[in-house]
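Source file: my_file_31.pdb. Holds: PDB, C-alpha atoms and all ligand atoms.
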MODEL        1
ATOM      1  CA  MET A  20       4.919  18.263  21.914  1.00  0.00           C
ATOM      2  CA  GLU A  21       4.314  14.988  20.163  1.00  0.00           C
ATOM      3  CA  ARG A  22       1.198  13.660  18.416  1.00  0.00           C
ATOM      4  CA  THR A  23      -0.135  10.148  18.038  1.00  0.00           C
ATOM      5  CA  PHE A  24      -2.756   8.442  15.924  1.00  0.00           C
ATOM      6  CA  LEU A  25      -5.420   6.467  17.790  1.00  0.00           C
ATOM      7  CA  MET A  26      -8.436   4.596  16.489  1.00  0.00           C
ATOM      8  CA  ILE A  27     -11.332   2.915  18.255  1.00  0.00           C
ATOM      9  CA  LYS A  28     -11.989  -0.175  16.175  1.00  0.00           C
ATOM     10  CA  PRO A  29     -15.471  -1.406  15.099  1.00  0.00           C
ATOM     11  CA  ASP A  30     -15.913  -3.556  18.243  1.00  0.00           C
ATOM     12  CA  GLY A  31     -15.238  -0.566  20.490  1.00  0.00           C
ATOM     13  CA  VAL A  32     -17.684   1.587  18.521  1.00  0.00           C
ATOM     14  CA  GLN A  33     -20.431  -1.088  18.536  1.00  0.00           C
ATOM     15  CA  ARG A  34     -19.928  -1.737  22.253  1.00  0.00           C
ATOM     16  CA  GLY A  35     -20.372   1.941  23.087  1.00  0.00           C
ATOM     17  CA  LEU A  36     -16.847   2.469  24.403  1.00  0.00           C
ATOM     18  CA  ILE A  37     -15.883   5.654  22.531  1.00  0.00           C
ATOM     19  CA  GLY A  38     -16.701   7.972  25.427  1.00  0.00           C
ATOM     20  CA  GLU A  39     -15.046   5.798  28.086  1.00  0.00           C
ATOM     21  CA  ILE A  40     -11.852   5.476  26.103  1.00  0.00           C
ATOM     22  CA  ILE A  41     -11.548   9.126  25.067  1.00  0.00           C
ATOM     23  CA  SER A  42     -12.235  10.104  28.702  1.00  0.00           C
ATOM     24  CA  ARG A  43      -9.229   8.139  29.901  1.00  0.00           C
ATOM     25  CA  PHE A  44      -6.897  10.100  27.637  1.00  0.00           C
ATOM     26  CA  GLU A  45      -8.574  13.426  28.441  1.00  0.00           C
ATOM     27  CA  ARG A  46      -8.403  12.838  32.190  1.00  0.00           C
ATOM     28  CA  LYS A  47      -4.712  12.000  31.893  1.00  0.00           C
ATOM     29  CA  GLY A  48      -4.247  15.529  30.561  1.00  0.00           C
ATOM     30  CA  LEU A  49      -3.648  14.657  26.940  1.00  0.00           C
ATOM     31  CA  LYS A  50      -5.062  17.036  24.345  1.00  0.00           C
ATOM     32  CA  LEU A  51      -7.515  15.903  21.663  1.00  0.00           C
ATOM     33  CA  VAL A  52      -6.631  17.729  18.429  1.00  0.00           C
ATOM     34  CA  ALA A  53      -8.603  15.791  15.778  1.00  0.00           C
ATOM     35  CA  GLY A  54     -11.367  13.218  15.530  1.00  0.00           C
ATOM     36  CA  LYS A  55     -13.721  11.666  12.985  1.00  0.00           C
ATOM     37  CA  PHE A  56     -16.002   8.724  12.431  1.00  0.00           C
ATOM     38  CA  GLU A  57     -15.316   6.614   9.350  1.00  0.00           C
ATOM     39  CA  VAL A  58     -15.522   3.207   7.679  1.00  0.00           C
ATOM     40  CA  LEU A  59     -11.980   2.589   6.403  1.00  0.00           C
ATOM     41  CA  SER A  60     -11.520   1.988   2.689  1.00  0.00           C
ATOM     42  CA  GLU A  61      -9.500  -1.030   1.560  1.00  0.00           C
ATOM     43  CA  GLU A  62      -6.727   1.297   0.317  1.00  0.00           C
ATOM     44  CA  ARG A  63      -6.487   2.964   3.718  1.00  0.00           C
ATOM     45  CA  VAL A  64      -6.371  -0.385   5.511  1.00  0.00           C
ATOM     46  CA  MET A  65      -3.544  -1.566   3.247  1.00  0.00           C
ATOM     47  CA  ALA A  66      -1.574   1.634   3.901  1.00  0.00           C
ATOM     48  CA  HIS A  67      -2.265   1.609   7.632  1.00  0.00           C
ATOM     49  CA  TYR A  68      -1.359  -2.053   8.128  1.00  0.00           C
ATOM     50  CA  ALA A  69       1.372  -2.176   5.436  1.00  0.00           C
ATOM     51  CA  GLU A  70       3.707  -4.095   7.780  1.00  0.00           C
ATOM     52  CA  HIS A  71       1.088  -6.837   8.227  1.00  0.00           C
ATOM     53  CA  VAL A  72      -0.277  -7.378   4.683  1.00  0.00           C
ATOM     54  CA  ASN A  73       1.581 -10.670   4.258  1.00  0.00           C
ATOM     55  CA  LYS A  74       0.796 -12.059   7.707  1.00  0.00           C
ATOM     56  CA  PRO A  75      -1.596 -15.029   8.006  1.00  0.00           C
ATOM     57  CA  PHE A  76      -4.035 -12.996  10.113  1.00  0.00           C
ATOM     58  CA  PHE A  77      -4.257 -10.091   7.664  1.00  0.00           C
ATOM     59  CA  LEU A  78      -7.450 -11.138   5.836  1.00  0.00           C
ATOM     60  CA  GLY A  79      -9.293 -11.577   9.121  1.00  0.00           C
ATOM     61  CA  LEU A  80      -7.887  -8.280  10.371  1.00  0.00           C
ATOM     62  CA  LYS A  81      -9.063  -6.488   7.206  1.00  0.00           C
ATOM     63  CA  ARG A  82     -12.549  -7.999   7.445  1.00  0.00           C
ATOM     64  CA  TYR A  83     -12.855  -6.966  11.095  1.00  0.00           C
ATOM     65  CA  ILE A  84     -11.475  -3.458  10.721  1.00  0.00           C
ATOM     66  CA  THR A  85     -13.799  -2.688   7.775  1.00  0.00           C
ATOM     67  CA  SER A  86     -16.880  -4.334   9.363  1.00  0.00           C
ATOM     68  CA  GLY A  87     -18.242  -1.002  10.621  1.00  0.00           C
ATOM     69  CA  PRO A  88     -17.259   2.536  11.449  1.00  0.00           C
ATOM     70  CA  CYS A  89     -14.113   3.332  13.407  1.00  0.00           C
ATOM     71  CA  PHE A  90     -13.495   6.468  15.471  1.00  0.00           C
ATOM     72  CA  LEU A  91     -10.179   7.969  14.381  1.00  0.00           C
ATOM     73  CA  PHE A  92      -8.488  10.588  16.525  1.00  0.00           C
ATOM     74  CA  VAL A  93      -5.244  12.362  17.286  1.00  0.00           C
ATOM     75  CA  PHE A  94      -3.990  13.286  20.729  1.00  0.00           C
ATOM     76  CA  GLU A  95      -1.094  15.572  21.571  1.00  0.00           C
ATOM     77  CA  GLY A  96       1.213  15.678  24.582  1.00  0.00           C
ATOM     78  CA  LYS A  97       4.751  15.247  25.818  1.00  0.00           C
ATOM     79  CA  ASP A  98       6.004  11.661  25.243  1.00  0.00           C
ATOM     80  CA  ILE A  99       2.502  10.784  24.065  1.00  0.00           C
ATOM     81  CA  VAL A 100       3.311   7.707  21.976  1.00  0.00           C
ATOM     82  CA  ARG A 101       4.875   5.889  24.924  1.00  0.00           C
ATOM     83  CA  ILE A 102       2.177   7.032  27.360  1.00  0.00           C
ATOM     84  CA  THR A 103      -0.752   6.016  25.138  1.00  0.00           C
ATOM     85  CA  ARG A 104       0.773   2.628  24.267  1.00  0.00           C
ATOM     86  CA  GLU A 105       1.098   1.924  27.999  1.00  0.00           C
ATOM     87  CA  MET A 106      -2.500   2.996  28.589  1.00  0.00           C
ATOM     88  CA  ILE A 107      -3.666   0.757  25.707  1.00  0.00           C
ATOM     89  CA  GLY A 108      -1.828  -2.355  26.924  1.00  0.00           C
ATOM     90  CA  ALA A 109      -0.410  -5.441  25.232  1.00  0.00           C
ATOM     91  CA  THR A 110      -1.637  -6.431  21.745  1.00  0.00           C
ATOM     92  CA  ASN A 111      -3.335  -9.579  23.067  1.00  0.00           C
ATOM     93  CA  PRO A 112      -6.020  -8.551  25.602  1.00  0.00           C
ATOM     94  CA  ALA A 113      -5.628 -11.937  27.286  1.00  0.00           C
ATOM     95  CA  GLU A 114      -2.174 -10.705  28.317  1.00  0.00           C
ATOM     96  CA  SER A 115      -2.888  -6.986  28.803  1.00  0.00           C
ATOM     97  CA  SER A 116      -2.616  -5.788  32.395  1.00  0.00           C
ATOM     98  CA  PRO A 117      -5.787  -4.815  34.252  1.00  0.00           C
ATOM     99  CA  GLY A 118      -6.092  -1.037  34.210  1.00  0.00           C
ATOM    100  CA  THR A 119      -5.104  -0.823  30.556  1.00  0.00           C
ATOM    101  CA  ILE A 120      -7.773  -0.280  27.903  1.00  0.00           C
ATOM    102  CA  ARG A 121      -7.344  -3.703  26.302  1.00  0.00           C
ATOM    103  CA  GLY A 122      -6.951  -5.305  29.730  1.00  0.00           C
ATOM    104  CA  ASP A 123     -10.226  -3.801  30.926  1.00  0.00           C
ATOM    105  CA  TYR A 124     -12.401  -3.977  27.808  1.00  0.00           C
ATOM    106  CA  ALA A 125     -11.342  -6.874  25.568  1.00  0.00           C
ATOM    107  CA  LEU A 126     -10.706 -10.620  25.565  1.00  0.00           C
ATOM    108  CA  GLU A 127      -9.101 -11.701  22.293  1.00  0.00           C
ATOM    109  CA  ILE A 128      -6.344 -10.488  19.971  1.00  0.00           C
ATOM    110  CA  GLY A 129      -8.620 -10.311  16.920  1.00  0.00           C
ATOM    111  CA  MET A 130     -10.913  -7.773  18.606  1.00  0.00           C
ATOM    112  CA  ASN A 131      -8.734  -5.593  20.785  1.00  0.00           C
ATOM    113  CA  VAL A 132     -10.830  -2.389  20.707  1.00  0.00           C
ATOM    114  CA  ILE A 133      -8.202   0.224  19.913  1.00  0.00           C
ATOM    115  CA  HIS A 134      -5.169   1.011  17.766  1.00  0.00           C
ATOM    116  CA  GLY A 135      -2.332   3.285  18.830  1.00  0.00           C
ATOM    117  CA  SER A 136       0.847   4.232  16.957  1.00  0.00           C
ATOM    118  CA  ASP A 137       3.933   2.415  18.250  1.00  0.00           C
ATOM    119  CA  SER A 138       6.638   5.078  17.674  1.00  0.00           C
ATOM    120  CA  PRO A 139       6.814   8.798  16.849  1.00  0.00           C
ATOM    121  CA  GLU A 140       7.799   7.900  13.261  1.00  0.00           C
ATOM    122  CA  THR A 141       4.816   5.537  12.911  1.00  0.00           C
ATOM    123  CA  ALA A 142       2.577   8.222  14.402  1.00  0.00           C
ATOM    124  CA  SER A 143       3.615  10.786  11.762  1.00  0.00           C
ATOM    125  CA  ARG A 144       3.060   8.236   8.999  1.00  0.00           C
ATOM    126  CA  GLU A 145      -0.341   7.152  10.316  1.00  0.00           C
ATOM    127  CA  ILE A 146      -1.591  10.701  10.948  1.00  0.00           C
ATOM    128  CA  ALA A 147      -0.709  11.548   7.329  1.00  0.00           C
ATOM    129  CA  ILE A 148      -2.576   8.458   6.064  1.00  0.00           C
ATOM    130  CA  HIS A 149      -5.799   9.300   7.897  1.00  0.00           C
ATOM    131  CA  PHE A 150      -5.942  13.085   8.332  1.00  0.00           C
ATOM    132  CA  THR A 151      -5.336  16.167   6.242  1.00  0.00           C
ATOM    133  CA  PRO A 152      -3.482  19.005   8.021  1.00  0.00           C
ATOM    134  CA  ASP A 153      -6.636  21.163   8.105  1.00  0.00           C
ATOM    135  CA  GLU A 154      -8.475  18.474  10.089  1.00  0.00           C
ATOM    136  CA  ILE A 155      -6.021  18.885  12.988  1.00  0.00           C
ATOM    137  CA  SER A 156      -6.415  21.791  15.435  1.00  0.00           C
ATOM    138  CA  SER A 157      -3.672  23.562  17.334  1.00  0.00           C
ATOM    139  CA  TYR A 158      -4.823  25.172  20.559  1.00  0.00           C
ATOM    140  CA  VAL A 159      -3.785  25.680  24.168  1.00  0.00           C
ATOM    141  CA  ARG A 160      -5.789  23.766  26.763  1.00  0.00           C
ATOM    142  CA  ILE A 161      -6.628  26.018  29.678  1.00  0.00           C
ATOM    143  CA  ASP A 162      -5.264  23.501  32.221  1.00  0.00           C
ATOM    144  CA  GLU A 163      -1.831  23.158  30.602  1.00  0.00           C
ATOM    145  CA  PRO A 164      -0.072  25.342  33.229  1.00  0.00           C
ATOM    146  CA  TYR A 165      -1.187  22.757  35.821  1.00  0.00           C
ATOM    147  CA  LEU A 166      -0.197  19.747  33.731  1.00  0.00           C
ATOM    148  CA  TYR A 167       3.296  20.573  32.526  1.00  0.00           C
ATOM    149  CA  GLU A 168       6.087  21.797  34.841  1.00  0.00           C
TER     150      GLU A 168
HETATM  151  P1  LIG B 201      -0.625  -3.438  18.012  1.00  0.00           P
HETATM  152  O1  LIG B 201      -2.052  -3.168  17.579  1.00  0.00           O
HETATM  153  O2  LIG B 201      -0.548  -3.717  19.489  1.00  0.00           O
HETATM  154  O3  LIG B 201       0.335  -2.387  17.552  1.00  0.00           O
HETATM  155  P2  LIG B 201       0.435  -5.138  15.900  1.00  0.00           P
HETATM  156  O4  LIG B 201       0.850  -3.894  15.198  1.00  0.00           O
HETATM  157  O5  LIG B 201       1.467  -6.193  16.094  1.00  0.00           O
HETATM  158  O6  LIG B 201      -0.201  -4.823  17.329  1.00  0.00           O
HETATM  159  O7  LIG B 201      -0.771  -5.826  15.114  1.00  0.00           O
HETATM  160  C1  LIG B 201      -1.807  -5.031  14.559  1.00  0.00           C
HETATM  161  C2  LIG B 201      -3.129  -5.685  14.843  1.00  0.00           C
HETATM  162  O8  LIG B 201      -3.211  -6.928  14.146  1.00  0.00           O
HETATM  163  C3  LIG B 201      -3.351  -6.057  16.317  1.00  0.00           C
HETATM  164  O9  LIG B 201      -3.907  -4.969  17.050  1.00  0.00           O
HETATM  165  C4  LIG B 201      -4.284  -7.205  16.238  1.00  0.00           C
HETATM  166  C5  LIG B 201      -3.884  -7.895  14.939  1.00  0.00           C
HETATM  167  N1  LIG B 201      -2.947  -9.014  15.203  1.00  0.00           N
HETATM  168  C6  LIG B 201      -1.635  -8.921  15.503  1.00  0.00           C
HETATM  169  N2  LIG B 201      -1.096 -10.126  15.688  1.00  0.00           N
HETATM  170  C7  LIG B 201      -2.103 -11.021  15.491  1.00  0.00           C
HETATM  171  C8  LIG B 201      -2.211 -12.443  15.526  1.00  0.00           C
HETATM  172  N3  LIG B 201      -1.156 -13.209  15.802  1.00  0.00           N
HETATM  173  N4  LIG B 201      -3.424 -12.997  15.284  1.00  0.00           N
HETATM  174  C9  LIG B 201      -4.497 -12.242  15.001  1.00  0.00           C
HETATM  175  N5  LIG B 201      -4.470 -10.887  14.937  1.00  0.00           N
HETATM  176  C10 LIG B 201      -3.298 -10.294  15.180  1.00  0.00           C
HETATM  177 MG    MG B 202       1.043  -1.871  15.645  1.00  0.00          MG
ENDMDL
END
Rewrite the coordinates I just gave you, this time as structure tokens.
Amino acid sequence: MERTFLMIKPDGVQRGLIGEIISRFERKGLKLVAGKFEVLSEERVMAHYAEHVNKPFFLGLKRYITSGPCFLFVFEGKDIVRITREMIGATNPAESSPGTIRGDYALEIGMNVIHGSDSPETASREIAIHFTPDEISSYVRIDEPYLYE
């Protein structure tokens, strides 16, 4: 089983989309193993977006991502990084396919509702940035025998 780090950004929280978005992953059969509500500190933003700190859009990105609380969560499942990235859709919502989260709920790249790790290595790094091991639960979902062959 693989884990991934997901985060509903301040626009998604303010627009009341937490439940809708989490439901999509739950209905797919993915297992929620951690979740918390938090305004990100500057240090955490720098660590999380380390690859983007020198990009021209970084200051705007930092202002947006710290403008209110985010909902941070971890889901677990087979091949979960690939599956959740597909469900999230392309970075720019103007180009995300209908049926994806960004395609259905957002319009512009600077407010694209949700973050999802882009590789298993990134997922491990991002989970460690945002969660302590004791904040993550291991359990068997009762429907797993009907989800995995
Ligand atoms: P993703 O969130 O799809 O992994 P990314 O890692 O390339 O995309 O970028 C991180 C976030 O930064 C992205 O969700 C929105 C913002 N961003 C990326 N490229 C941008 C750009 N050209 N202009 C404004 N914001 C941008
Ligand atoms: Mg990314």
Q: Select, from A:Val32, A:Ala69, A:Val93, A:Ile84, the residue with the minimum atom-to-atom distance to Ala53 in chain A, counting only C-alpha atoms.
A: A:Val93
Could you pull out the residues sitting within 9 Å of ligand LIG 201 (chain B), using all atoms listed in the file, and write them as a PDB file with C-alpha atoms, keeping the file's coordinate frame?
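To be explicit, this is the file written out as pocket.pdb:
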ATOM      1  CA  TYR A  68      -1.359  -2.053   8.128  1.00  0.00           C
ATOM      2  CA  GLU A  70       3.707  -4.095   7.780  1.00  0.00           C
ATOM      3  CA  HIS A  71       1.088  -6.837   8.227  1.00  0.00           C
ATOM      4  CA  LYS A  74       0.796 -12.059   7.707  1.00  0.00           C
ATOM      5  CA  PRO A  75      -1.596 -15.029   8.006  1.00  0.00           C
ATOM      6  CA  PHE A  76      -4.035 -12.996  10.113  1.00  0.00           C
ATOM      7  CA  PHE A  77      -4.257 -10.091   7.664  1.00  0.00           C
ATOM      8  CA  GLY A  79      -9.293 -11.577   9.121  1.00  0.00           C
ATOM      9  CA  LEU A  80      -7.887  -8.280  10.371  1.00  0.00           C
ATOM     10  CA  ARG A 104       0.773   2.628  24.267  1.00  0.00           C
ATOM     11  CA  ILE A 107      -3.666   0.757  25.707  1.00  0.00           C
ATOM     12  CA  GLY A 108      -1.828  -2.355  26.924  1.00  0.00           C
ATOM     13  CA  ALA A 109      -0.410  -5.441  25.232  1.00  0.00           C
ATOM     14  CA  THR A 110      -1.637  -6.431  21.745  1.00  0.00           C
ATOM     15  CA  ASN A 111      -3.335  -9.579  23.067  1.00  0.00           C
ATOM     16  CA  GLU A 127      -9.101 -11.701  22.293  1.00  0.00           C
ATOM     17  CA  ILE A 128      -6.344 -10.488  19.971  1.00  0.00           C
ATOM     18  CA  GLY A 129      -8.620 -10.311  16.920  1.00  0.00           C
ATOM     19  CA  MET A 130     -10.913  -7.773  18.606  1.00  0.00           C
ATOM     20  CA  ASN A 131      -8.734  -5.593  20.785  1.00  0.00           C
ATOM     21  CA  VAL A 132     -10.830  -2.389  20.707  1.00  0.00           C
ATOM     22  CA  ILE A 133      -8.202   0.224  19.913  1.00  0.00           C
ATOM     23  CA  HIS A 134      -5.169   1.011  17.766  1.00  0.00           C
ATOM     24  CA  GLY A 135      -2.332   3.285  18.830  1.00  0.00           C
ATOM     25  CA  SER A 136       0.847   4.232  16.957  1.00  0.00           C
ATOM     26  CA  ASP A 137       3.933   2.415  18.250  1.00  0.00           C
TER      27      ASP A 137
END
Q) If the PyMOL selection byres (((chain A and resi 85) around 8) and not hetatm) is run on the structure shown, which residues does it catch, given as a ChimeraX atom specification? A) /A:29,58-61,81-84,86-88
Q.
Please report the interatomic distance between CA of Ser156 in chain A and CA of Thr119 in chain A in Å with one decimal.
A. 27.2 Å
Q.
Here's the selection I'm unsure about, the PyMOL selection byres (((chain A and resi 26) around 7) and not hetatm); applied to the file above, which residues does it give, as a list in words?
A.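 Selected by the PyMOL selection byres (((chain A and resi 26) around 7) and not hetatm) here: Phe24, Leu25, Ile27, Lys28, Cys89, Phe90, Leu91, Phe92, Ile133, His134 and Gly135 of chain A.
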Q) So which one's closest to ligand MG 202 (chain B), A:Ser138, A:Glu154, A:Ile161, A:Leu49? Using all atoms listed in the file, please. A)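 Of all the options, A:Ser138 lies closest to ligand MG 202 (chain B).
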Q) Between CA of Gly35 in chain A and CA of Leu51 in chain A, what is the spacing in Å? A)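 These atoms are spaced 19.0 Å apart.
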Would you mind putting all heavy atoms back on range 100-111 of chain A and writing the result as a short mmCIF file (atom, residue, chain, number, x, y, z; two decimals), in the coordinates of the input?
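Below is the file result_12.cif, written as the result:
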data_model
loop_
_atom_site.label_atom_id
_atom_site.label_comp_id
_atom_site.auth_asym_id
_atom_site.auth_seq_id
_atom_site.Cartn_x
_atom_site.Cartn_y
_atom_site.Cartn_z
N VAL A 100 3.36 9.05 22.58
CA VAL A 100 3.31 7.71 21.98
C VAL A 100 3.55 6.65 23.06
O VAL A 100 2.79 5.69 23.19
CB VAL A 100 4.33 7.57 20.83
CG1 VAL A 100 4.41 6.12 20.36
CG2 VAL A 100 3.96 8.47 19.66
N ARG A 101 4.57 6.85 23.86
CA ARG A 101 4.88 5.89 24.92
C ARG A 101 3.73 5.82 25.95
O ARG A 101 3.29 4.75 26.34
CB ARG A 101 6.19 6.29 25.63
CG ARG A 101 6.72 5.23 26.58
CD ARG A 101 7.87 5.77 27.42
NE ARG A 101 7.49 6.92 28.23
CZ ARG A 101 6.75 6.83 29.34
NH1 ARG A 101 6.33 5.66 29.76
NH2 ARG A 101 6.44 7.92 30.01
N ILE A 102 3.24 6.98 26.34
CA ILE A 102 2.18 7.03 27.36
C ILE A 102 0.91 6.33 26.86
O ILE A 102 0.32 5.52 27.58
CB ILE A 102 1.87 8.50 27.74
CG1 ILE A 102 3.03 9.09 28.54
CG2 ILE A 102 0.56 8.60 28.53
CD1 ILE A 102 2.94 10.60 28.74
N THR A 103 0.50 6.62 25.63
CA THR A 103 -0.75 6.02 25.14
C THR A 103 -0.59 4.52 24.90
O THR A 103 -1.52 3.75 25.16
CB THR A 103 -1.27 6.71 23.87
OG1 THR A 103 -0.21 6.82 22.92
CG2 THR A 103 -1.80 8.10 24.18
N ARG A 104 0.56 4.07 24.44
CA ARG A 104 0.77 2.63 24.27
C ARG A 104 0.67 1.92 25.61
O ARG A 104 0.11 0.83 25.71
CB ARG A 104 2.14 2.34 23.63
CG ARG A 104 2.23 2.66 22.14
CD ARG A 104 1.49 1.68 21.26
NE ARG A 104 2.11 0.37 21.20
CZ ARG A 104 1.80 -0.54 20.28
NH1 ARG A 104 0.88 -0.28 19.34
NH2 ARG A 104 2.37 -1.72 20.29
N GLU A 105 1.21 2.54 26.66
CA GLU A 105 1.10 1.92 28.00
C GLU A 105 -0.35 1.89 28.46
O GLU A 105 -0.79 0.92 29.07
CB GLU A 105 1.94 2.70 29.01
CG GLU A 105 3.42 2.57 28.71
CD GLU A 105 4.27 2.36 29.95
OE1 GLU A 105 3.73 2.49 31.07
OE2 GLU A 105 5.46 2.08 29.79
N MET A 106 -1.09 2.96 28.18
CA MET A 106 -2.50 3.00 28.59
C MET A 106 -3.33 1.98 27.80
O MET A 106 -4.32 1.46 28.31
CB MET A 106 -3.08 4.41 28.40
CG MET A 106 -2.51 5.42 29.39
SD MET A 106 -3.05 7.11 29.01
CE MET A 106 -4.77 7.05 29.54
N ILE A 107 -2.94 1.71 26.55
CA ILE A 107 -3.67 0.76 25.71
C ILE A 107 -3.40 -0.68 26.16
O ILE A 107 -4.31 -1.49 26.20
CB ILE A 107 -3.28 0.97 24.22
CG1 ILE A 107 -3.90 2.27 23.71
CG2 ILE A 107 -3.71 -0.22 23.37
CD1 ILE A 107 -3.39 2.72 22.35
N GLY A 108 -2.17 -1.01 26.47
CA GLY A 108 -1.83 -2.36 26.92
C GLY A 108 -1.35 -3.26 25.81
O GLY A 108 -1.34 -2.88 24.63
N ALA A 109 -0.99 -4.48 26.17
CA ALA A 109 -0.41 -5.44 25.23
C ALA A 109 -1.39 -5.77 24.11
O ALA A 109 -2.61 -5.71 24.29
CB ALA A 109 -0.02 -6.71 25.97
N THR A 110 -0.83 -6.14 22.94
CA THR A 110 -1.64 -6.43 21.74
C THR A 110 -2.72 -7.48 22.02
O THR A 110 -3.86 -7.33 21.58
CB THR A 110 -0.71 -6.93 20.61
OG1 THR A 110 0.28 -5.92 20.37
CG2 THR A 110 -1.48 -7.20 19.34
N ASN A 111 -2.36 -8.53 22.75
CA ASN A 111 -3.34 -9.58 23.07
C ASN A 111 -4.02 -9.26 24.40
O ASN A 111 -3.38 -9.31 25.46
CB ASN A 111 -2.63 -10.93 23.15
CG ASN A 111 -3.61 -12.07 23.33
OD1 ASN A 111 -4.80 -11.84 23.59
ND2 ASN A 111 -3.14 -13.29 23.18
#
